[in-house]
file run_9.txt (compact mmCIF, C-alpha atoms)
# COMPACT_ATOMS: atom_id res chain seq x y z
CA MET A 1 41.10 -59.90 -7.93
CA ALA A 2 38.83 -59.02 -5.03
CA THR A 3 38.57 -55.37 -4.04
CA THR A 4 40.12 -56.17 -0.66
CA ASP A 5 43.26 -57.38 -2.51
CA LEU A 6 44.01 -53.92 -3.89
CA ASN A 7 47.41 -52.64 -2.75
CA PHE A 8 48.86 -49.14 -2.41
CA PHE A 9 50.15 -49.09 -5.98
CA ASP A 10 46.70 -49.99 -7.31
CA TYR A 11 45.37 -46.83 -5.67
CA VAL A 12 48.34 -44.83 -7.03
CA LYS A 13 47.56 -46.06 -10.54
CA ALA A 14 43.88 -45.17 -10.11
CA ALA A 15 44.79 -41.67 -8.89
CA PHE A 16 47.18 -41.14 -11.81
CA ASN A 17 44.45 -42.07 -14.31
CA GLN A 18 41.69 -40.25 -12.42
CA LYS A 19 39.31 -38.26 -14.62
CA ALA A 20 37.28 -35.20 -13.58
CA HIS A 21 34.10 -33.86 -15.12
CA ILE A 22 34.62 -30.55 -16.91
CA ALA A 23 31.58 -28.61 -18.06
CA GLY A 24 31.17 -28.82 -21.81
CA MET A 25 34.00 -31.34 -22.17
CA GLY A 26 32.84 -34.34 -20.16
CA LYS A 27 35.31 -36.46 -18.16
CA MET A 28 38.90 -35.43 -18.77
CA PRO A 29 42.24 -36.80 -17.40
CA VAL A 30 43.04 -33.56 -15.58
CA ASN A 31 46.12 -34.96 -13.82
CA LYS A 32 47.69 -36.05 -17.10
CA MET A 33 46.77 -32.76 -18.73
CA LEU A 34 48.53 -30.81 -15.97
CA LEU A 35 51.61 -33.01 -16.24
CA THR A 36 51.70 -32.46 -19.99
CA ALA A 37 51.47 -28.71 -19.47
CA ALA A 38 54.31 -28.86 -16.94
CA VAL A 39 56.51 -30.78 -19.40
CA VAL A 40 55.88 -28.14 -22.06
CA LEU A 41 56.60 -25.28 -19.64
CA GLY A 42 59.74 -27.07 -18.50
CA ILE A 43 61.23 -26.59 -21.94
CA TRP A 44 61.11 -22.85 -21.24
CA ASN A 45 62.08 -23.19 -17.57
CA PRO A 46 63.32 -26.57 -16.21
CA GLY A 47 62.10 -25.56 -12.78
CA PHE A 48 58.61 -26.54 -13.83
CA TRP A 49 59.80 -30.14 -14.21
CA PHE A 50 60.94 -30.20 -10.59
CA LEU A 51 57.65 -28.71 -9.43
CA ALA A 52 55.69 -31.21 -11.55
CA VAL A 53 57.53 -34.24 -10.11
CA ALA A 54 57.20 -33.01 -6.52
CA GLY A 55 53.57 -32.02 -6.94
CA GLU A 56 52.64 -35.27 -8.66
CA ALA A 57 54.34 -37.39 -5.99
CA LEU A 58 52.52 -35.49 -3.22
CA TYR A 59 49.18 -35.74 -5.06
CA LEU A 60 49.50 -39.49 -5.65
CA TRP A 61 50.57 -40.17 -2.07
CA LEU A 62 47.70 -38.14 -0.58
CA MET A 63 45.11 -39.74 -2.83
CA ALA A 64 46.35 -43.33 -2.46
CA SER A 65 46.52 -42.94 1.34
CA ASN A 66 43.03 -41.48 1.67
CA LYS A 67 40.55 -44.05 3.05
CA ASN A 68 37.58 -42.43 1.36
CA TYR A 69 39.33 -42.47 -2.01
CA GLN A 70 40.27 -46.12 -1.50
CA LYS A 71 36.60 -46.94 -0.94
CA ILE A 72 35.70 -45.12 -4.17
CA VAL A 73 38.29 -47.13 -6.11
CA GLN A 74 37.06 -50.39 -4.57
CA ALA A 75 33.46 -49.58 -5.46
CA THR A 76 34.46 -48.70 -9.02
CA ARG A 77 36.40 -51.95 -9.47
CA LEU A 78 33.50 -53.97 -8.08
CA SER A 79 31.06 -52.24 -10.42
CA GLU A 80 33.31 -52.91 -13.43
CA ARG A 81 33.66 -56.59 -12.55
CA LYS A 82 29.91 -56.95 -12.14
CA VAL A 83 29.44 -55.64 -15.67
CA VAL A 84 32.02 -58.10 -17.04
CA TRP A 85 30.57 -61.08 -15.19
CA GLY A 86 27.07 -60.01 -16.16
CA GLU A 87 28.10 -60.07 -19.81
CA LYS A 88 29.65 -63.53 -19.36
CA GLN A 89 26.46 -64.78 -17.75
CA VAL A 90 24.39 -63.46 -20.66
CA GLN A 91 26.75 -65.07 -23.17
CA LEU A 92 26.59 -68.43 -21.40
CA LEU A 93 22.80 -68.29 -21.12
CA GLN A 94 22.48 -67.41 -24.80
CA SER A 95 24.64 -70.41 -25.70
CA LEU A 96 22.22 -72.77 -23.93
CA ASP A 97 19.23 -74.40 -25.56
CA GLY A 98 15.70 -73.84 -24.27
CA PRO A 99 15.52 -76.86 -21.90
CA SER A 100 18.92 -75.98 -20.40
CA ARG A 101 17.86 -72.38 -19.74
CA GLU A 102 14.69 -73.61 -18.06
CA ARG A 103 16.73 -76.02 -15.94
CA TYR A 104 19.08 -73.21 -14.96
CA GLN A 105 16.19 -70.94 -14.01
CA ARG A 106 14.65 -73.63 -11.80
CA LEU A 107 17.91 -73.91 -9.87
CA VAL A 108 18.13 -70.13 -9.56
CA ASN A 109 14.57 -69.98 -8.22
CA ASN A 110 15.32 -72.66 -5.64
CA CYS A 111 18.47 -70.82 -4.51
CA SER A 112 16.47 -67.61 -4.25
CA SER A 113 13.90 -69.47 -2.14
CA ILE A 114 16.61 -70.70 0.23
CA LEU A 115 17.74 -67.11 0.83
CA LYS A 116 14.17 -65.99 1.42
CA ILE A 117 13.37 -68.83 3.84
CA THR A 118 16.52 -68.39 5.94
CA GLY A 119 16.77 -64.62 5.88
CA GLY A 120 13.34 -63.13 5.41
CA ASP A 121 14.30 -60.02 3.49
CA MET A 122 17.17 -60.39 1.05
CA PRO A 123 20.55 -58.90 2.05
CA ASP A 124 21.05 -55.32 0.92
CA PRO A 125 23.53 -54.82 -1.96
CA GLU A 126 26.34 -53.75 0.37
CA ALA A 127 26.03 -56.86 2.57
CA MET A 128 25.21 -59.32 -0.20
CA ASN A 129 28.79 -60.34 -1.05
CA LYS A 130 29.62 -60.84 2.65
CA ASP A 131 26.69 -63.19 3.20
CA LEU A 132 28.00 -66.77 3.40
CA ARG A 133 24.73 -68.13 2.02
CA VAL A 134 25.02 -65.89 -1.02
CA SER A 135 28.66 -66.85 -1.59
CA GLY A 136 27.92 -70.58 -1.41
CA LEU A 137 24.82 -70.47 -3.59
CA ASN A 138 26.62 -68.26 -6.07
CA LYS A 139 29.37 -70.88 -6.46
CA LEU A 140 26.78 -73.61 -6.99
CA ILE A 141 25.00 -71.60 -9.67
CA TRP A 142 28.27 -70.74 -11.42
CA MET A 143 29.29 -74.39 -11.44
CA PHE A 144 25.85 -75.39 -12.73
CA ILE A 145 25.80 -72.99 -15.68
CA LYS A 146 29.32 -74.03 -16.70
CA LEU A 147 28.31 -77.68 -16.60
CA LEU A 148 25.21 -76.97 -18.69
CA SER A 149 27.30 -75.19 -21.31
CA SER A 150 29.94 -77.93 -21.20
CA ARG A 151 27.31 -80.60 -21.73
CA LEU A 152 26.18 -78.93 -24.96
CA ARG A 153 29.78 -78.62 -26.14
CA ILE A 154 30.47 -82.30 -25.54
CA GLU A 155 27.22 -83.37 -27.20
CA ALA A 156 28.22 -81.32 -30.25
CA ILE A 157 31.61 -83.11 -30.36
CA ILE A 158 30.00 -86.53 -30.10
CA SER A 159 27.36 -85.76 -32.73
CA ARG A 160 29.96 -85.04 -35.41
CA THR A 161 31.30 -88.60 -35.65
CA ALA A 162 29.98 -92.00 -34.66
CA THR A 163 32.29 -94.28 -32.69
CA GLU A 164 31.38 -97.19 -34.95
CA ASP A 165 32.45 -95.26 -38.06
CA LEU A 166 35.88 -94.49 -36.63
CA GLU A 167 36.37 -98.08 -35.51
CA THR A 168 35.45 -99.30 -39.00
CA GLU A 169 37.90 -96.85 -40.62
CA ILE A 170 40.69 -97.94 -38.26
CA GLU A 171 40.09 -101.61 -39.07
CA GLY A 172 40.12 -100.86 -42.80
CA ILE A 173 43.37 -98.88 -42.62
CA SER A 174 44.99 -101.62 -40.53
CA ARG A 175 44.04 -104.29 -43.08
CA LYS A 176 45.40 -102.19 -45.93
CA MET A 177 48.66 -101.59 -44.05
CA ALA A 178 49.09 -105.35 -43.57
CA THR A 179 49.35 -105.77 -47.35
CA GLN A 180 52.20 -103.26 -47.69
CA PRO A 181 55.93 -103.83 -47.13
CA GLU A 182 57.48 -102.29 -44.00
CA SER A 183 59.50 -99.75 -46.02
CA SER A 184 56.64 -98.82 -48.34
CA PRO A 185 55.91 -95.04 -48.58
CA LEU A 186 52.20 -95.93 -48.73
CA ARG A 187 52.49 -97.83 -45.46
CA ARG A 188 54.11 -94.81 -43.79
CA SER A 189 51.29 -92.62 -45.06
CA LEU A 190 48.67 -95.08 -43.88
CA GLN A 191 50.38 -95.25 -40.46
CA GLY A 192 50.06 -91.47 -40.11
CA THR A 193 46.37 -91.64 -41.00
CA LEU A 194 45.88 -94.52 -38.57
CA ASP A 195 47.48 -92.58 -35.72
CA ILE A 196 45.17 -89.62 -36.39
CA GLN A 197 42.06 -91.77 -36.43
CA LYS A 198 43.09 -93.50 -33.22
CA ARG A 199 43.53 -90.15 -31.49
CA ARG A 200 40.12 -89.07 -32.77
CA LEU A 201 38.61 -92.25 -31.37
CA ASP A 202 40.33 -91.71 -28.00
CA ASN A 203 38.96 -88.15 -27.86
CA LEU A 204 35.49 -89.36 -28.76
CA LEU A 205 35.53 -92.05 -26.07
CA ARG A 206 36.80 -89.52 -23.52
CA ALA A 207 34.08 -87.09 -24.54
CA THR A 208 31.43 -89.78 -24.13
CA GLU A 209 32.71 -90.61 -20.66
CA SER A 210 32.92 -86.92 -19.75
CA LEU A 211 29.32 -86.39 -20.85
CA GLU A 212 28.14 -88.99 -18.36
CA VAL A 213 30.13 -87.30 -15.60
CA VAL A 214 28.66 -83.88 -16.48
CA LYS A 215 25.12 -85.24 -16.47
CA ALA A 216 25.68 -86.86 -13.09
CA GLU A 217 27.12 -83.65 -11.62
CA LEU A 218 24.18 -81.59 -12.90
CA ASP A 219 21.77 -84.02 -11.24
CA ARG A 220 23.81 -83.93 -8.03
CA ILE A 221 23.75 -80.13 -7.80
CA GLU A 222 19.99 -80.04 -8.36
CA MET A 223 19.43 -82.64 -5.65
CA GLN A 224 21.78 -80.83 -3.25
CA VAL A 225 19.91 -77.56 -3.71
CA ALA A 226 16.57 -79.35 -3.29
CA LEU A 227 17.86 -80.88 -0.03
CA LEU A 228 19.11 -77.49 1.17
CA LYS A 229 15.71 -75.97 0.48
CA GLU A 230 14.00 -78.73 2.47
CA GLU A 231 16.40 -78.31 5.40
CA ALA A 232 15.99 -74.54 5.29
CA SER A 233 12.22 -74.93 5.46
CA VAL A 234 12.58 -77.04 8.59
CA SER A 235 15.20 -74.99 10.48
CA SER A 236 15.16 -71.48 8.88
CA ASP A 237 18.68 -71.10 10.30
CA PRO A 238 21.06 -69.11 8.03
CA GLU A 239 24.14 -70.48 9.81
CA LEU A 240 23.02 -74.07 9.26
CA VAL A 241 22.54 -73.39 5.54
CA SER A 242 26.03 -71.85 5.38
CA VAL A 243 27.55 -74.93 7.02
CA ARG A 244 25.66 -77.24 4.65
CA LEU A 245 26.81 -75.18 1.67
CA ASP A 246 30.43 -75.47 2.78
CA GLY A 247 30.05 -79.24 2.79
CA VAL A 248 28.43 -79.22 -0.63
CA MET A 249 31.20 -77.09 -2.13
CA ASP A 250 33.85 -79.36 -0.61
CA SER A 251 32.16 -82.32 -2.27
CA LEU A 252 32.20 -80.48 -5.61
CA SER A 253 35.85 -79.43 -5.41
CA GLY A 254 36.80 -82.59 -7.25
CA THR A 255 34.42 -81.64 -10.06
CA SER A 256 36.08 -78.26 -10.45
CA GLN A 257 39.52 -79.89 -10.59
CA TRP A 258 38.27 -82.42 -13.12
CA MET A 259 36.91 -79.64 -15.36
CA SER A 260 40.29 -77.89 -15.22
CA GLU A 261 42.00 -81.08 -16.34
CA GLN A 262 39.59 -81.54 -19.26
CA ASP A 263 40.71 -78.27 -20.86
CA GLN A 264 40.37 -79.58 -24.41
CA LEU A 265 36.67 -80.16 -23.84
CA PHE A 266 35.82 -77.24 -21.57
CA GLY A 267 38.20 -74.60 -22.94
CA SER A 268 38.01 -71.19 -21.26
CA LEU A 269 34.86 -71.99 -19.26
CA GLU A 270 36.93 -72.86 -16.22
CA GLU A 271 37.74 -69.48 -14.64
CA SER A 272 40.38 -68.92 -12.00
CA SER A 273 37.82 -67.27 -9.73
CA VAL A 274 34.10 -67.20 -9.18
CA PRO A 275 32.04 -64.04 -9.81
CA ASP A 276 31.79 -62.22 -6.47
CA GLN A 277 28.18 -61.14 -6.97
CA LEU A 278 24.97 -63.09 -7.40
CA LEU A 279 24.26 -64.47 -10.83
CA PHE A 280 20.63 -63.67 -10.21
CA LYS A 281 18.68 -60.83 -8.64
CA PRO A 282 16.97 -61.92 -5.42
CA GLY A 283 13.38 -60.84 -5.15
CA ARG A 284 13.01 -60.28 -8.87
CA GLU A 285 12.94 -63.91 -9.92
CA LYS A 286 9.83 -65.99 -9.70
CA GLN A 287 10.18 -68.22 -6.67
CA ALA A 288 10.07 -71.98 -7.16
CA GLU A 289 7.04 -73.76 -5.94
call {"tool": "encode", "arguments": {"input": "run_9.txt", "output": "C-alpha cells"}}
result
Amino acid sequence: MATTDLNFFDYVKAAFNQKAHIAGMGKMPVNKMLLTAAVVLGIWNPGFWFLAVAGEALYLWLMASNKNYQKIVQATRLSERKVVWGEKQVQLLQSLDGPSRERYQRLVNNCSSILKITGGDMPDPEAMNKDLRVSGLNKLIWMFIKLLSSRLRIEAIISRTATEDLETEIEGISRKMATQPESSPLRRSLQGTLDIQKRRLDNLLRATESLEVVKAELDRIEMQVALLKEEASVSSDPELVSVRLDGVMDSLSGTSQWMSEQDQLFGSLEESSVPDQLLFKPGREKQAE
C-alpha cells in the first residue's frame, strides 16, 4: 500500500501504538501504559474509566487529524517498506549465479545512465519516487530481476529429469498395461503411475517452453533499455524518456500477466505491487560505458 493510500483509521492505529523515548528506558508505548493505569485506577473509582475513554478518543482524533503527524506516519511507512524491499532485493540477488548478477548490474548501470543523461543531477530522495523516469525504470529492473531468478528456477526443474527418460518410461508402462486384463489390480496401479508420469512430462514440456519465453523477455528488456539510452543521448528530454518508458511497460504487461499465470513455476516471485523506490542507488553505481 502506497503512503498516499493511508486512511484516517491508519493514522488512528499509528497514534494508538505510538512510542515515546523515555530516558533510561528507551522507546515505550506511553499511550498504552496510561490506558493500563486508568483501567487499574478505575477499579477503585469507575470515573477514571470515563476519563480514560474520553481522553483517549480526543488524543486519537487530534493526532490522526494533524497534518504534520500524518506526514511522520507516511515517512515511517515508506522507510519500513524500503527496508523490506531492500531485503527482498538482496535475497533475489543472492539467489542468482555470477553471470546473472553481472547481467543485472549492466542493466542497472544503463538505467542509471539514462537518468544522468536526461536529468543531469539525480533527483533528491524526496522527489525520486515522483519522477516518472524513476518509476518506469524501477519497474523494468524489478521485472528483469524476477525473470533472471525465474530462469534459474526453471533450469533447475528441467535439469532434474530428461524428457527422453520420461517418454521412455511412459512407453514402457503403456506396453506393460497392454498385457494386463482390464480389471487387473496391477493394471489399475500401472494406470496411476502412468498418469503421474504424463503429468510430469507435461510440466517438463511447459517448463521448457517457459524457459524460452523468459530468455526472450530478458533479451527484450536489455534491448529496450539500450534503445532508451541511445534516444536519451540524442534528445536529453526527460519527458520523452517517460513517454517511451510508458510504451515499454505497456508492451511488457502481457509478460507480467503470463508470469502470474505460471504460478507453479514462478511461485511467490510475482508480487501484487512494485517496490516504490529504486532498486539501485543513482550516482553510486559505476556507469555503463
call {"tool": "residues_around", "arguments": {"input": "run_9.txt", "residues": "Asn31 (chain A)", "least_positions_apart": "4", "cutoff": "9 Å", "atoms": "all atoms listed in the file", "output": "mmCIF file with C-alpha atoms, keeping the file's coordinate frame"}}
result
data_model
loop_
_atom_site.group_PDB
_atom_site.id
_atom_site.type_symbol
_atom_site.label_atom_id
_atom_site.label_comp_id
_atom_site.auth_asym_id
_atom_site.auth_seq_id
_atom_site.Cartn_x
_atom_site.Cartn_y
_atom_site.Cartn_z
ATOM 1 C CA ALA A 15 44.790 -41.670 -8.890
ATOM 2 C CA PHE A 16 47.180 -41.140 -11.810
ATOM 3 C CA ASN A 17 44.450 -42.070 -14.310
ATOM 4 C CA GLN A 18 41.690 -40.250 -12.420
ATOM 5 C CA LYS A 19 39.310 -38.260 -14.620
ATOM 6 C CA ALA A 20 37.280 -35.200 -13.580
ATOM 7 C CA LEU A 35 51.610 -33.010 -16.240
ATOM 8 C CA THR A 36 51.700 -32.460 -19.990
ATOM 9 C CA GLU A 56 52.640 -35.270 -8.660
#
call {"tool": "residues_around", "arguments": {"input": "run_9.txt", "residues": "Val225 (chain A)", "least_positions_apart": "2", "cutoff": "12 Å", "atoms": "all atoms listed in the file", "output": "number ranges by chain"}}
result
A: 106-115, 136-141, 144, 218-223, 227-232, 241, 244-245, 248-249, 288
call {"tool": "write_last_selection", "arguments": {"input": "run_9.txt", "atoms": "C-alpha atoms", "output": "short mmCIF file (atom, residue, chain, number, x, y, z; two decimals), in the frame of the given file"}}
result
data_model
loop_
_atom_site.label_atom_id
_atom_site.label_comp_id
_atom_site.auth_asym_id
_atom_site.auth_seq_id
_atom_site.Cartn_x
_atom_site.Cartn_y
_atom_site.Cartn_z
CA ARG A 106 14.65 -73.63 -11.80
CA LEU A 107 17.91 -73.91 -9.87
CA VAL A 108 18.13 -70.13 -9.56
CA ASN A 109 14.57 -69.98 -8.22
CA ASN A 110 15.32 -72.66 -5.64
CA CYS A 111 18.47 -70.82 -4.51
CA SER A 112 16.47 -67.61 -4.25
CA SER A 113 13.90 -69.47 -2.14
CA ILE A 114 16.61 -70.70 0.23
CA LEU A 115 17.74 -67.11 0.83
CA GLY A 136 27.92 -70.58 -1.41
CA LEU A 137 24.82 -70.47 -3.59
CA ASN A 138 26.62 -68.26 -6.07
CA LYS A 139 29.37 -70.88 -6.46
CA LEU A 140 26.78 -73.61 -6.99
CA ILE A 141 25.00 -71.60 -9.67
CA PHE A 144 25.85 -75.39 -12.73
CA LEU A 218 24.18 -81.59 -12.90
CA ASP A 219 21.77 -84.02 -11.24
CA ARG A 220 23.81 -83.93 -8.03
CA ILE A 221 23.75 -80.13 -7.80
CA GLU A 222 19.99 -80.04 -8.36
CA MET A 223 19.43 -82.64 -5.65
CA LEU A 227 17.86 -80.88 -0.03
CA LEU A 228 19.11 -77.49 1.17
CA LYS A 229 15.71 -75.97 0.48
CA GLU A 230 14.00 -78.73 2.47
CA GLU A 231 16.40 -78.31 5.40
CA ALA A 232 15.99 -74.54 5.29
CA VAL A 241 22.54 -73.39 5.54
CA ARG A 244 25.66 -77.24 4.65
CA LEU A 245 26.81 -75.18 1.67
CA VAL A 248 28.43 -79.22 -0.63
CA MET A 249 31.20 -77.09 -2.13
CA ALA A 288 10.07 -71.98 -7.16
#
call {"tool": "atom_distance", "arguments": {"input": "run_9.txt", "atom1": "CA of Leu60 (chain A)", "atom2": "CA of Phe9 (chain A)"}}
result
9.6 Å
call {"tool": "atom_distance", "arguments": {"input": "run_9.txt", "atom1": "CA of Gly172 (chain A)", "atom2": "CA of Arg187 (chain A)"}}
result
13.0 Å
call {"tool": "atom_distance", "arguments": {"input": "run_9.txt", "atom1": "CA of Ile154 (chain A)", "atom2": "CA of Leu211 (chain A)"}}
result
6.3 Å
call {"tool": "closest_residue", "arguments": {"input": "run_9.txt", "among": "A:Ile145, A:Ala64, A:Ile170, A:Val30", "to": "Gln91 (chain A)", "atoms": "only C-alpha atoms"}}
result
A:Ile145
call {"tool": "closest_residue", "arguments": {"input": "run_9.txt", "among": "A:Ser260, A:Leu92, A:Ala38, A:Ile196", "to": "Leu51 (chain A)", "atoms": "only C-alpha atoms"}}
result
A:Ala38
call {"tool": "closest_residue", "arguments": {"input": "run_9.txt", "among": "A:Asp10, A:Glu212, A:Asp97, A:Asp246", "to": "Leu152 (chain A)", "atoms": "all atoms listed in the file"}}
result
A:Asp97
